[in-house]
Amino acid sequence: MQAAVTVTPAQIPELLLGLATVRPVFLWGAPGIGKSSLVRKFADSLGMECVSLLGTQLAPEDLIGVPQIRDGRSVFCPPEAIARDEPYCLFLDELNAATPDVQKAFYSLILDRRIGSYELPAGSIVIGAGNRATDNALARPIASALVNRLTHVHLRASAADWLVWAGENGVHPWVTDYLVDRPDHLWSQPPKTEEPFSTPRSWHMLSDALHSFGPDIGEETLKVIVYGTLTPAHAVSFCGYAKIVRHSFGIEAILKGDASWPARLEDRDLLYYLAEAFRGRLVKELPRRREHVSASMRQTAYRAKSLLVQLAEISVEVAQTVIADDVDGQPVLPAWFLVDAARDMPRLVEARR
């Protein structure tokens with residue numbers, strides 16, 4: 001299902017309060033962005049127990065129950081997890097990953113809040129959640145009859161929301177400080193190949209590992225856990241950031257001329273991170289139009305071109321990342337600066353193409 005409108009995690013509680021208390025809701029979102037934890041937290045805020053059923057682990061009889069003979073008639077007895085006396089939050093996780101037969105078994109429970117002769121206690125709420133087919137996750141098409149029984153809310157990852165949560169839940173400072181600088185690295189599109197990718201969940205996993213190993217974690221061990229949890233490009237950048245934290249080596253020293261670009265092959269992750277920081281600094285400080293360039297900005301641009309030359313002497317590939325276009329093919333740095341770079345560094349610009 002495609003999202004016409006998306007919401008951030010901070011918007012979810014208010015939406016669920018108004019929607020889920022009157023009609024069943026389906027929460028769509030990519031893997032690892034916190035759908036399940038949001039639902040559990042919402043249930044806690046209402047003082048309700050949250051009962052989770054995992055769609056991928058259910059059979060129709062797990063919902064309908066098994067028959068018993070009463071007064072010569074068969075009666076289906078719903079499972080204890082569902083048949084409760086007090087109002088509760090029924091959370092149908094990975095609902096769209098369930099088999100068609102299981103999805104059908106949910107129809108009356110979702111629309112009529114009833115399974116057989118059992119009816120959910122008044123005040124109970126029903127919330128479903130699942131991944132999108134575009135996320136390369138296990139997902140089956142939902143029949144139109146089920147789609148029409150739910151209000152659909154599409155969740156997107158928000159670095160601002162997650163950092164607030166991280167600050168309240170003891171997430172490792174390396175992780176929070178890094179994502180303050182690179183909020184775009186909080187989440188990445190799930191890859192088509194079997195490899196780790198960055199999500200709020202994977203950053204939390206990395207934080208737990210960093211806490212577990214402590215400040216004396218070895219460089220090789222750090223690489224193992226970082227590359228085992230994050231998108232490869234983000235892992236390179238984070239390892240470079242970790243070196244800066246440990247060795248007090250930052251972009252400021254390079255800009256001031258107090259330090260040079262690290263040239264050792266084993267410091268290539270550090271070089272990538274510094275190049276990204278350099279690019280971010282240029283985006284922030286250089287005006288979009290040449291006529292707005294002051295004398296001090298011209299000095300900044302001249303120094304930047306000099307540093308680009310030095311960077312290209314170490315690695316043309318890394319230097320190219322500084323002047324590269326964004327994911328939509330649009331220039332990130334000002335056009336006038338790119339023109340000057342093309343004149344002074346034709347080899348670098350040719351590599352960019």
# chains A, B, ... in the order shown; residues from 1 in each chain; ligands from 1
$ residues_around --residues "A:Phe106" --least-positions-apart "5" --cutoff "12 Å" --atoms "only C-alpha atoms" --output "PyMOL selection string"
chain A and resi 24+53+55+58-64+82+90-92+95-96+98-101+111-116+126-128+142-143+145-147+149-150
$ write_last_selection --atoms "N, CA and C atoms" --output "compact mmCIF listing (two decimals), in the first residue's frame"
# COMPACT_ATOMS: atom_id res chain seq x y z
N PRO A 24 -10.97 0.08 14.35
CA PRO A 24 -9.67 -0.58 14.22
C PRO A 24 -8.73 0.22 13.31
N LEU A 53 -0.56 -10.57 19.00
CA LEU A 53 -0.64 -11.79 18.20
C LEU A 53 0.18 -11.57 16.94
N GLY A 55 1.06 -12.37 13.27
CA GLY A 55 0.37 -12.95 12.13
C GLY A 55 1.09 -14.11 11.49
N LEU A 58 0.42 -17.66 13.31
CA LEU A 58 -0.95 -18.05 13.63
C LEU A 58 -1.55 -18.95 12.57
N ALA A 59 -2.44 -19.82 13.00
CA ALA A 59 -3.32 -20.59 12.13
C ALA A 59 -4.75 -20.16 12.44
N PRO A 60 -5.70 -20.39 11.53
CA PRO A 60 -7.08 -19.94 11.78
C PRO A 60 -7.63 -20.42 13.11
N GLU A 61 -7.31 -21.67 13.48
CA GLU A 61 -7.84 -22.20 14.74
C GLU A 61 -7.26 -21.51 15.96
N ASP A 62 -6.12 -20.83 15.80
CA ASP A 62 -5.55 -20.08 16.92
C ASP A 62 -6.44 -18.89 17.28
N LEU A 63 -7.26 -18.46 16.35
CA LEU A 63 -8.18 -17.35 16.60
C LEU A 63 -9.59 -17.85 16.90
N ILE A 64 -10.05 -18.74 16.06
CA ILE A 64 -11.42 -19.24 16.20
C ILE A 64 -11.54 -20.13 17.44
N ILE A 82 -7.15 -14.28 23.88
CA ILE A 82 -8.14 -13.35 23.33
C ILE A 82 -9.33 -13.19 24.27
N LEU A 90 -5.81 -5.24 21.69
CA LEU A 90 -5.43 -6.40 20.88
C LEU A 90 -4.57 -5.91 19.72
N PHE A 91 -3.30 -6.30 19.74
CA PHE A 91 -2.35 -5.84 18.74
C PHE A 91 -2.05 -6.97 17.77
N LEU A 92 -2.46 -6.81 16.53
CA LEU A 92 -2.28 -7.81 15.49
C LEU A 92 -1.03 -7.46 14.69
N LEU A 95 0.14 -8.37 10.58
CA LEU A 95 -1.15 -8.86 10.11
C LEU A 95 -1.13 -9.17 8.63
N ASN A 96 -0.49 -8.31 7.84
CA ASN A 96 -0.48 -8.53 6.40
C ASN A 96 0.54 -9.58 5.97
N ALA A 98 0.24 -12.57 7.46
CA ALA A 98 -0.52 -13.79 7.75
C ALA A 98 -1.07 -14.39 6.46
N THR A 99 -1.35 -15.68 6.51
CA THR A 99 -1.92 -16.36 5.35
C THR A 99 -3.33 -15.84 5.09
N PRO A 100 -3.85 -16.01 3.87
CA PRO A 100 -5.21 -15.54 3.58
C PRO A 100 -6.26 -16.12 4.53
N ASP A 101 -6.11 -17.39 4.91
CA ASP A 101 -7.08 -18.00 5.83
C ASP A 101 -7.06 -17.32 7.20
N LEU A 111 -13.87 -6.10 12.53
CA LEU A 111 -15.04 -5.25 12.27
C LEU A 111 -16.05 -5.31 13.41
N ASP A 112 -16.40 -6.52 13.85
CA ASP A 112 -17.46 -6.69 14.85
C ASP A 112 -16.93 -6.91 16.26
N ARG A 113 -15.58 -6.99 16.39
CA ARG A 113 -14.95 -7.25 17.69
C ARG A 113 -15.53 -8.53 18.32
N ARG A 114 -15.66 -9.55 17.48
CA ARG A 114 -16.28 -10.79 17.91
C ARG A 114 -15.58 -11.98 17.27
N ILE A 115 -15.42 -13.04 18.04
CA ILE A 115 -14.96 -14.33 17.53
C ILE A 115 -15.96 -15.37 17.98
N GLY A 116 -16.70 -15.93 17.02
CA GLY A 116 -17.74 -16.87 17.39
C GLY A 116 -18.75 -16.19 18.29
N VAL A 126 -8.52 -2.42 18.89
CA VAL A 126 -7.85 -3.35 17.98
C VAL A 126 -6.94 -2.55 17.06
N ILE A 127 -5.65 -2.90 17.06
CA ILE A 127 -4.67 -2.22 16.22
C ILE A 127 -3.86 -3.27 15.48
N GLY A 128 -3.74 -3.13 14.17
CA GLY A 128 -2.89 -3.98 13.37
C GLY A 128 -1.66 -3.22 12.91
N ILE A 142 -3.46 -7.56 1.10
CA ILE A 142 -4.62 -7.62 1.98
C ILE A 142 -5.88 -7.53 1.12
N ALA A 143 -6.81 -8.43 1.33
CA ALA A 143 -8.06 -8.41 0.58
C ALA A 143 -8.80 -7.10 0.81
N ALA A 145 -11.80 -6.56 1.35
CA ALA A 145 -12.74 -6.63 2.47
C ALA A 145 -12.06 -6.29 3.79
N LEU A 146 -10.78 -6.68 3.93
CA LEU A 146 -10.05 -6.38 5.17
C LEU A 146 -9.52 -4.95 5.14
N VAL A 147 -9.05 -4.51 3.98
CA VAL A 147 -8.58 -3.12 3.85
C VAL A 147 -9.68 -2.15 4.28
N ARG A 149 -11.99 -2.54 6.33
CA ARG A 149 -12.38 -2.64 7.74
C ARG A 149 -11.44 -1.88 8.66
N LEU A 150 -10.42 -1.22 8.10
CA LEU A 150 -9.38 -0.58 8.90
C LEU A 150 -9.16 0.86 8.47
$ residues_around --residues "A:Leu338" --least-positions-apart "5" --cutoff "9 Å" --atoms "only C-alpha atoms" --output "mmCIF file with all heavy atoms, in the first residue's frame"
data_model
loop_
_atom_site.group_PDB
_atom_site.id
_atom_site.type_symbol
_atom_site.label_atom_id
_atom_site.label_comp_id
_atom_site.auth_asym_id
_atom_site.auth_seq_id
_atom_site.Cartn_x
_atom_site.Cartn_y
_atom_site.Cartn_z
ATOM 1 N N ILE A 323 31.517 16.647 -3.702
ATOM 2 C CA ILE A 323 30.811 17.457 -4.700
ATOM 3 C C ILE A 323 29.695 16.685 -5.392
ATOM 4 O O ILE A 323 29.088 17.180 -6.334
ATOM 5 C CB ILE A 323 31.797 18.004 -5.754
ATOM 6 C CG1 ILE A 323 32.459 16.862 -6.523
ATOM 7 C CG2 ILE A 323 32.841 18.890 -5.115
ATOM 8 C CD1 ILE A 323 33.297 17.328 -7.708
ATOM 9 N N PRO A 331 22.271 18.995 -7.660
ATOM 10 C CA PRO A 331 23.499 19.465 -6.996
ATOM 11 C C PRO A 331 23.219 19.871 -5.553
ATOM 12 O O PRO A 331 22.195 20.480 -5.252
ATOM 13 C CB PRO A 331 23.922 20.681 -7.842
ATOM 14 C CG PRO A 331 23.246 20.492 -9.162
ATOM 15 C CD PRO A 331 21.949 19.798 -8.856
ATOM 16 N N LEU A 333 26.012 21.276 -3.562
ATOM 17 C CA LEU A 333 26.842 22.474 -3.399
ATOM 18 C C LEU A 333 26.417 23.548 -4.394
ATOM 19 O O LEU A 333 25.837 23.243 -5.439
ATOM 20 C CB LEU A 333 28.307 22.116 -3.596
ATOM 21 C CG LEU A 333 28.910 21.149 -2.572
ATOM 22 C CD1 LEU A 333 30.367 20.867 -2.896
ATOM 23 C CD2 LEU A 333 28.769 21.682 -1.162
ATOM 24 N N ARG A 343 36.834 24.087 -13.244
ATOM 25 C CA ARG A 343 37.934 24.785 -13.897
ATOM 26 C C ARG A 343 39.279 24.424 -13.263
ATOM 27 O O ARG A 343 40.266 24.193 -13.956
ATOM 28 C CB ARG A 343 37.713 26.294 -13.803
ATOM 29 C CG ARG A 343 38.805 27.117 -14.503
ATOM 30 C CD ARG A 343 38.547 28.609 -14.409
ATOM 31 N NE ARG A 343 38.567 29.072 -13.011
ATOM 32 C CZ ARG A 343 37.495 29.506 -12.374
ATOM 33 N NH1 ARG A 343 36.315 29.541 -12.985
ATOM 34 N NH2 ARG A 343 37.581 29.910 -11.116
ATOM 35 N N VAL A 349 36.036 16.503 -11.439
ATOM 36 C CA VAL A 349 34.698 16.690 -11.966
ATOM 37 C C VAL A 349 34.355 15.627 -13.003
ATOM 38 O O VAL A 349 33.236 15.127 -13.088
ATOM 39 C CB VAL A 349 34.538 18.101 -12.569
ATOM 40 C CG1 VAL A 349 33.170 18.271 -13.214
ATOM 41 C CG2 VAL A 349 34.745 19.151 -11.478
#
$ atom_distance --atom1 "atom CA of A:Asp340" --atom2 "atom CA of A:Ile254"
21.2 Å
$ closest_residue --among "A:Asp267, A:Asp135, A:Asp71, A:Asp328" --to "A:Val236" --atoms "only C-alpha atoms"
A:Asp267
$ residues_around --residues "A:Val22" --least-positions-apart "2" --cutoff "10 Å" --atoms "only C-alpha atoms" --output "PyMOL selection string"
chain A and resi 16-20+24-25+123-126
$ atom_distance --atom1 "atom CA of A:Gly170" --atom2 "atom CA of A:Ser212"
12.7 Å
$ residues_around --residues "A:Tyr178" --least-positions-apart "3" --cutoff "9 Å" --atoms "only C-alpha atoms" --output "VMD selection string"
chain A and resid 173 to 175 181 to 183 238 241 to 242
$ select_by_dssp --residues "stretch 2-237 of chain A" --states "alpha helix (DSSP H)" --output "JSON, numbers by chain"
{"A": [12, 13, 14, 15, 16, 17, 18, 19, 35, 36, 37, 38, 39, 40, 41, 42, 43, 44, 45, 60, 61, 62, 63, 64, 100, 101, 102, 103, 104, 105, 106, 107, 108, 109, 110, 111, 144, 145, 146, 147, 159, 160, 161, 162, 163, 164, 165, 166, 167, 168, 173, 174, 175, 176, 177, 178, 179, 180, 181, 200, 201, 202, 203, 204, 205, 206, 207, 208, 209, 210, 211, 212, 213, 219, 220, 221, 222, 223, 224, 225, 226, 227, 232, 233, 234, 235, 236, 237]}
$ residues_around --residues "A:Val153" --least-positions-apart "3" --cutoff "7 Å" --atoms "only C-alpha atoms" --output "compact mmCIF listing (two decimals) with C-alpha atoms, in the first residue's frame"
# COMPACT_ATOMS: atom_id res chain seq x y z
CA PHE A 26 -3.66 -0.47 10.73
CA LEU A 27 -0.20 1.01 11.21
CA TRP A 28 2.07 0.74 8.16
$ residues_around --residues "A:Val226" --least-positions-apart "6" --cutoff "12 Å" --atoms "only C-alpha atoms" --output "PDB file with C-alpha atoms, in the first residue's frame"
ATOM      1  CA  TRP A 174      28.340   7.899  20.405  1.00  0.00           C
ATOM      2  CA  VAL A 175      25.093   6.913  18.709  1.00  0.00           C
ATOM      3  CA  PRO A 196      22.256  -5.227   7.510  1.00  0.00           C
ATOM      4  CA  PHE A 197      20.556  -1.870   7.094  1.00  0.00           C
ATOM      5  CA  SER A 198      20.118   1.137   9.371  1.00  0.00           C
ATOM      6  CA  SER A 202      19.536  -1.376  14.575  1.00  0.00           C
ATOM      7  CA  TRP A 203      20.967   1.822  16.100  1.00  0.00           C
ATOM      8  CA  HIS A 204      19.506   0.739  19.447  1.00  0.00           C
ATOM      9  CA  MET A 205      21.154  -2.675  18.983  1.00  0.00           C
ATOM     10  CA  LEU A 206      24.476  -0.968  18.298  1.00  0.00           C
ATOM     11  CA  SER A 207      24.040   1.160  21.420  1.00  0.00           C
ATOM     12  CA  ASP A 208      23.422  -1.939  23.543  1.00  0.00           C
ATOM     13  CA  ALA A 209      26.587  -3.540  22.164  1.00  0.00           C
ATOM     14  CA  LEU A 210      28.659  -0.410  22.841  1.00  0.00           C
ATOM     15  CA  ILE A 217      36.280  -1.784  22.919  1.00  0.00           C
ATOM     16  CA  GLU A 219      38.855  -1.237  16.851  1.00  0.00           C
ATOM     17  CA  GLU A 220      38.316  -4.587  15.131  1.00  0.00           C
ATOM     18  CA  PRO A 232      27.526  -0.494   4.912  1.00  0.00           C
ATOM     19  CA  ALA A 233      27.956   3.182   3.946  1.00  0.00           C
ATOM     20  CA  HIS A 234      26.716   4.273   7.365  1.00  0.00           C
ATOM     21  CA  ALA A 235      29.037   1.764   9.039  1.00  0.00           C
ATOM     22  CA  VAL A 236      32.064   3.292   7.285  1.00  0.00           C
ATOM     23  CA  SER A 237      31.025   6.747   8.419  1.00  0.00           C
ATOM     24  CA  PHE A 238      30.300   5.718  12.016  1.00  0.00           C
ATOM     25  CA  CYS A 239      33.672   3.963  12.365  1.00  0.00           C
ATOM     26  CA  GLY A 240      35.327   7.150  11.164  1.00  0.00           C
ATOM     27  CA  TYR A 241      33.343   9.140  13.701  1.00  0.00           C
ATOM     28  CA  ALA A 242      34.429   6.767  16.467  1.00  0.00           C
TER      29      ALA A 242
END
$ atom_distance --atom1 "atom CA of A:Gly47" --atom2 "atom CA of A:His154"
24.9 Å
$ residues_around --residues "A:Ala160" --least-positions-apart "5" --cutoff "12 Å" --atoms "only C-alpha atoms" --output "list in words"
Thr8, Pro9, Ala10, Trp165, Ala166, Gly167, Thr176, Leu179, Val180, Asp181, Arg182, Pro183, Asp184, Leu186 and Pro200 of chain A
$ write_last_selection --atoms "N, CA, C and O atoms" --output "PDB file, in the first residue's frame"
ATOM      1  N   THR A   8       4.876  11.050  11.861  1.00  0.00           N
ATOM      2  CA  THR A   8       6.054  10.708  12.658  1.00  0.00           C
ATOM      3  C   THR A   8       5.612   9.986  13.933  1.00  0.00           C
ATOM      4  O   THR A   8       4.442  10.054  14.322  1.00  0.00           O
ATOM      5  N   PRO A   9       6.530   9.305  14.610  1.00  0.00           N
ATOM      6  CA  PRO A   9       6.169   8.628  15.867  1.00  0.00           C
ATOM      7  C   PRO A   9       5.536   9.558  16.903  1.00  0.00           C
ATOM      8  O   PRO A   9       4.662   9.130  17.648  1.00  0.00           O
ATOM      9  N   ALA A  10       5.962  10.824  16.947  1.00  0.00           N
ATOM     10  CA  ALA A  10       5.413  11.750  17.937  1.00  0.00           C
ATOM     11  C   ALA A  10       3.930  12.029  17.704  1.00  0.00           C
ATOM     12  O   ALA A  10       3.208  12.409  18.631  1.00  0.00           O
ATOM     13  N   TRP A 165      13.588  10.236  22.276  1.00  0.00           N
ATOM     14  CA  TRP A 165      13.412   8.941  22.951  1.00  0.00           C
ATOM     15  C   TRP A 165      14.764   8.389  23.417  1.00  0.00           C
ATOM     16  O   TRP A 165      14.887   7.889  24.538  1.00  0.00           O
ATOM     17  N   ALA A 166      15.784   8.500  22.566  1.00  0.00           N
ATOM     18  CA  ALA A 166      17.107   7.963  22.907  1.00  0.00           C
ATOM     19  C   ALA A 166      17.676   8.648  24.141  1.00  0.00           C
ATOM     20  O   ALA A 166      18.295   8.003  24.999  1.00  0.00           O
ATOM     21  N   GLY A 167      17.481   9.970  24.243  1.00  0.00           N
ATOM     22  CA  GLY A 167      17.975  10.694  25.405  1.00  0.00           C
ATOM     23  C   GLY A 167      17.302  10.283  26.694  1.00  0.00           C
ATOM     24  O   GLY A 167      17.896  10.383  27.777  1.00  0.00           O
ATOM     25  N   THR A 176      23.918   8.784  19.748  1.00  0.00           N
ATOM     26  CA  THR A 176      23.099   9.997  19.714  1.00  0.00           C
ATOM     27  C   THR A 176      23.870  11.167  19.106  1.00  0.00           C
ATOM     28  O   THR A 176      23.321  11.916  18.292  1.00  0.00           O
ATOM     29  N   LEU A 179      24.106  10.757  15.311  1.00  0.00           N
ATOM     30  CA  LEU A 179      22.856  10.992  14.593  1.00  0.00           C
ATOM     31  C   LEU A 179      22.392  12.443  14.682  1.00  0.00           C
ATOM     32  O   LEU A 179      21.590  12.877  13.858  1.00  0.00           O
ATOM     33  N   VAL A 180      22.868  13.182  15.666  1.00  0.00           N
ATOM     34  CA  VAL A 180      22.617  14.625  15.675  1.00  0.00           C
ATOM     35  C   VAL A 180      23.275  15.253  14.443  1.00  0.00           C
ATOM     36  O   VAL A 180      22.700  16.137  13.788  1.00  0.00           O
ATOM     37  N   ASP A 181      24.487  14.798  14.127  1.00  0.00           N
ATOM     38  CA  ASP A 181      25.200  15.311  12.954  1.00  0.00           C
ATOM     39  C   ASP A 181      24.673  14.718  11.655  1.00  0.00           C
ATOM     40  O   ASP A 181      24.673  15.377  10.617  1.00  0.00           O
ATOM     41  N   ARG A 182      24.265  13.443  11.683  1.00  0.00           N
ATOM     42  CA  ARG A 182      23.821  12.754  10.469  1.00  0.00           C
ATOM     43  C   ARG A 182      22.435  12.149  10.661  1.00  0.00           C
ATOM     44  O   ARG A 182      22.255  10.935  10.693  1.00  0.00           O
ATOM     45  N   PRO A 183      21.413  12.988  10.841  1.00  0.00           N
ATOM     46  CA  PRO A 183      20.058  12.450  11.047  1.00  0.00           C
ATOM     47  C   PRO A 183      19.551  11.630   9.867  1.00  0.00           C
ATOM     48  O   PRO A 183      18.678  10.774  10.028  1.00  0.00           O
ATOM     49  N   ASP A 184      20.110  11.885   8.677  1.00  0.00           N
ATOM     50  CA  ASP A 184      19.690  11.127   7.501  1.00  0.00           C
ATOM     51  C   ASP A 184      20.155   9.681   7.543  1.00  0.00           C
ATOM     52  O   ASP A 184      19.721   8.862   6.723  1.00  0.00           O
ATOM     53  N   LEU A 186      19.628   7.717  10.161  1.00  0.00           N
ATOM     54  CA  LEU A 186      18.806   6.947  11.103  1.00  0.00           C
ATOM     55  C   LEU A 186      18.157   5.759  10.413  1.00  0.00           C
ATOM     56  O   LEU A 186      18.060   4.669  10.990  1.00  0.00           O
ATOM     57  N   PRO A 200      15.993   2.668  13.323  1.00  0.00           N
ATOM     58  CA  PRO A 200      16.054   2.977  14.755  1.00  0.00           C
ATOM     59  C   PRO A 200      16.357   1.747  15.604  1.00  0.00           C
ATOM     60  O   PRO A 200      17.086   1.834  16.594  1.00  0.00           O
TER      61      PRO A 200
END
$ closest_residue --among "A:Cys50, A:Ala263, A:Leu286, A:Ala43" --to "A:Val332" --atoms "only C-alpha atoms"
A:Leu286
$ select_by_dssp --residues "stretch 4-90 of chain A" --states "strand (DSSP E or B)" --output "JSON, numbers by chain"
{"A": [6, 7, 25, 26, 27, 28, 50, 51, 52, 53, 54, 66, 67, 68, 69, 70, 73, 74, 75, 76, 77, 89, 90]}
$ write_last_selection --atoms "C-alpha atoms" --output "compact mmCIF listing (two decimals), in the first residue's frame"
# COMPACT_ATOMS: atom_id res chain seq x y z
CA THR A 6 2.79 9.94 6.49
CA VAL A 7 3.17 10.74 10.19
CA VAL A 25 -6.43 0.95 12.90
CA PHE A 26 -3.66 -0.47 10.73
CA LEU A 27 -0.20 1.01 11.21
CA TRP A 28 2.07 0.74 8.16
CA CYS A 50 -1.44 -5.07 25.30
CA VAL A 51 -1.99 -8.57 23.91
CA SER A 52 0.15 -9.18 20.83
CA LEU A 53 -0.64 -11.79 18.20
CA LEU A 54 1.98 -12.36 15.50
CA VAL A 66 -11.33 -25.42 19.14
CA PRO A 67 -14.85 -26.91 19.27
CA GLN A 68 -16.41 -28.35 22.40
CA ILE A 69 -19.72 -30.19 22.77
CA ARG A 70 -22.25 -28.37 24.93
CA ARG A 73 -23.97 -28.82 20.04
CA SER A 74 -20.44 -27.86 19.05
CA VAL A 75 -19.24 -24.53 20.40
CA PHE A 76 -15.96 -22.89 19.45
CA CYS A 77 -13.95 -21.71 22.42
CA CYS A 89 -5.56 -3.61 23.46
CA LEU A 90 -5.43 -6.40 20.88
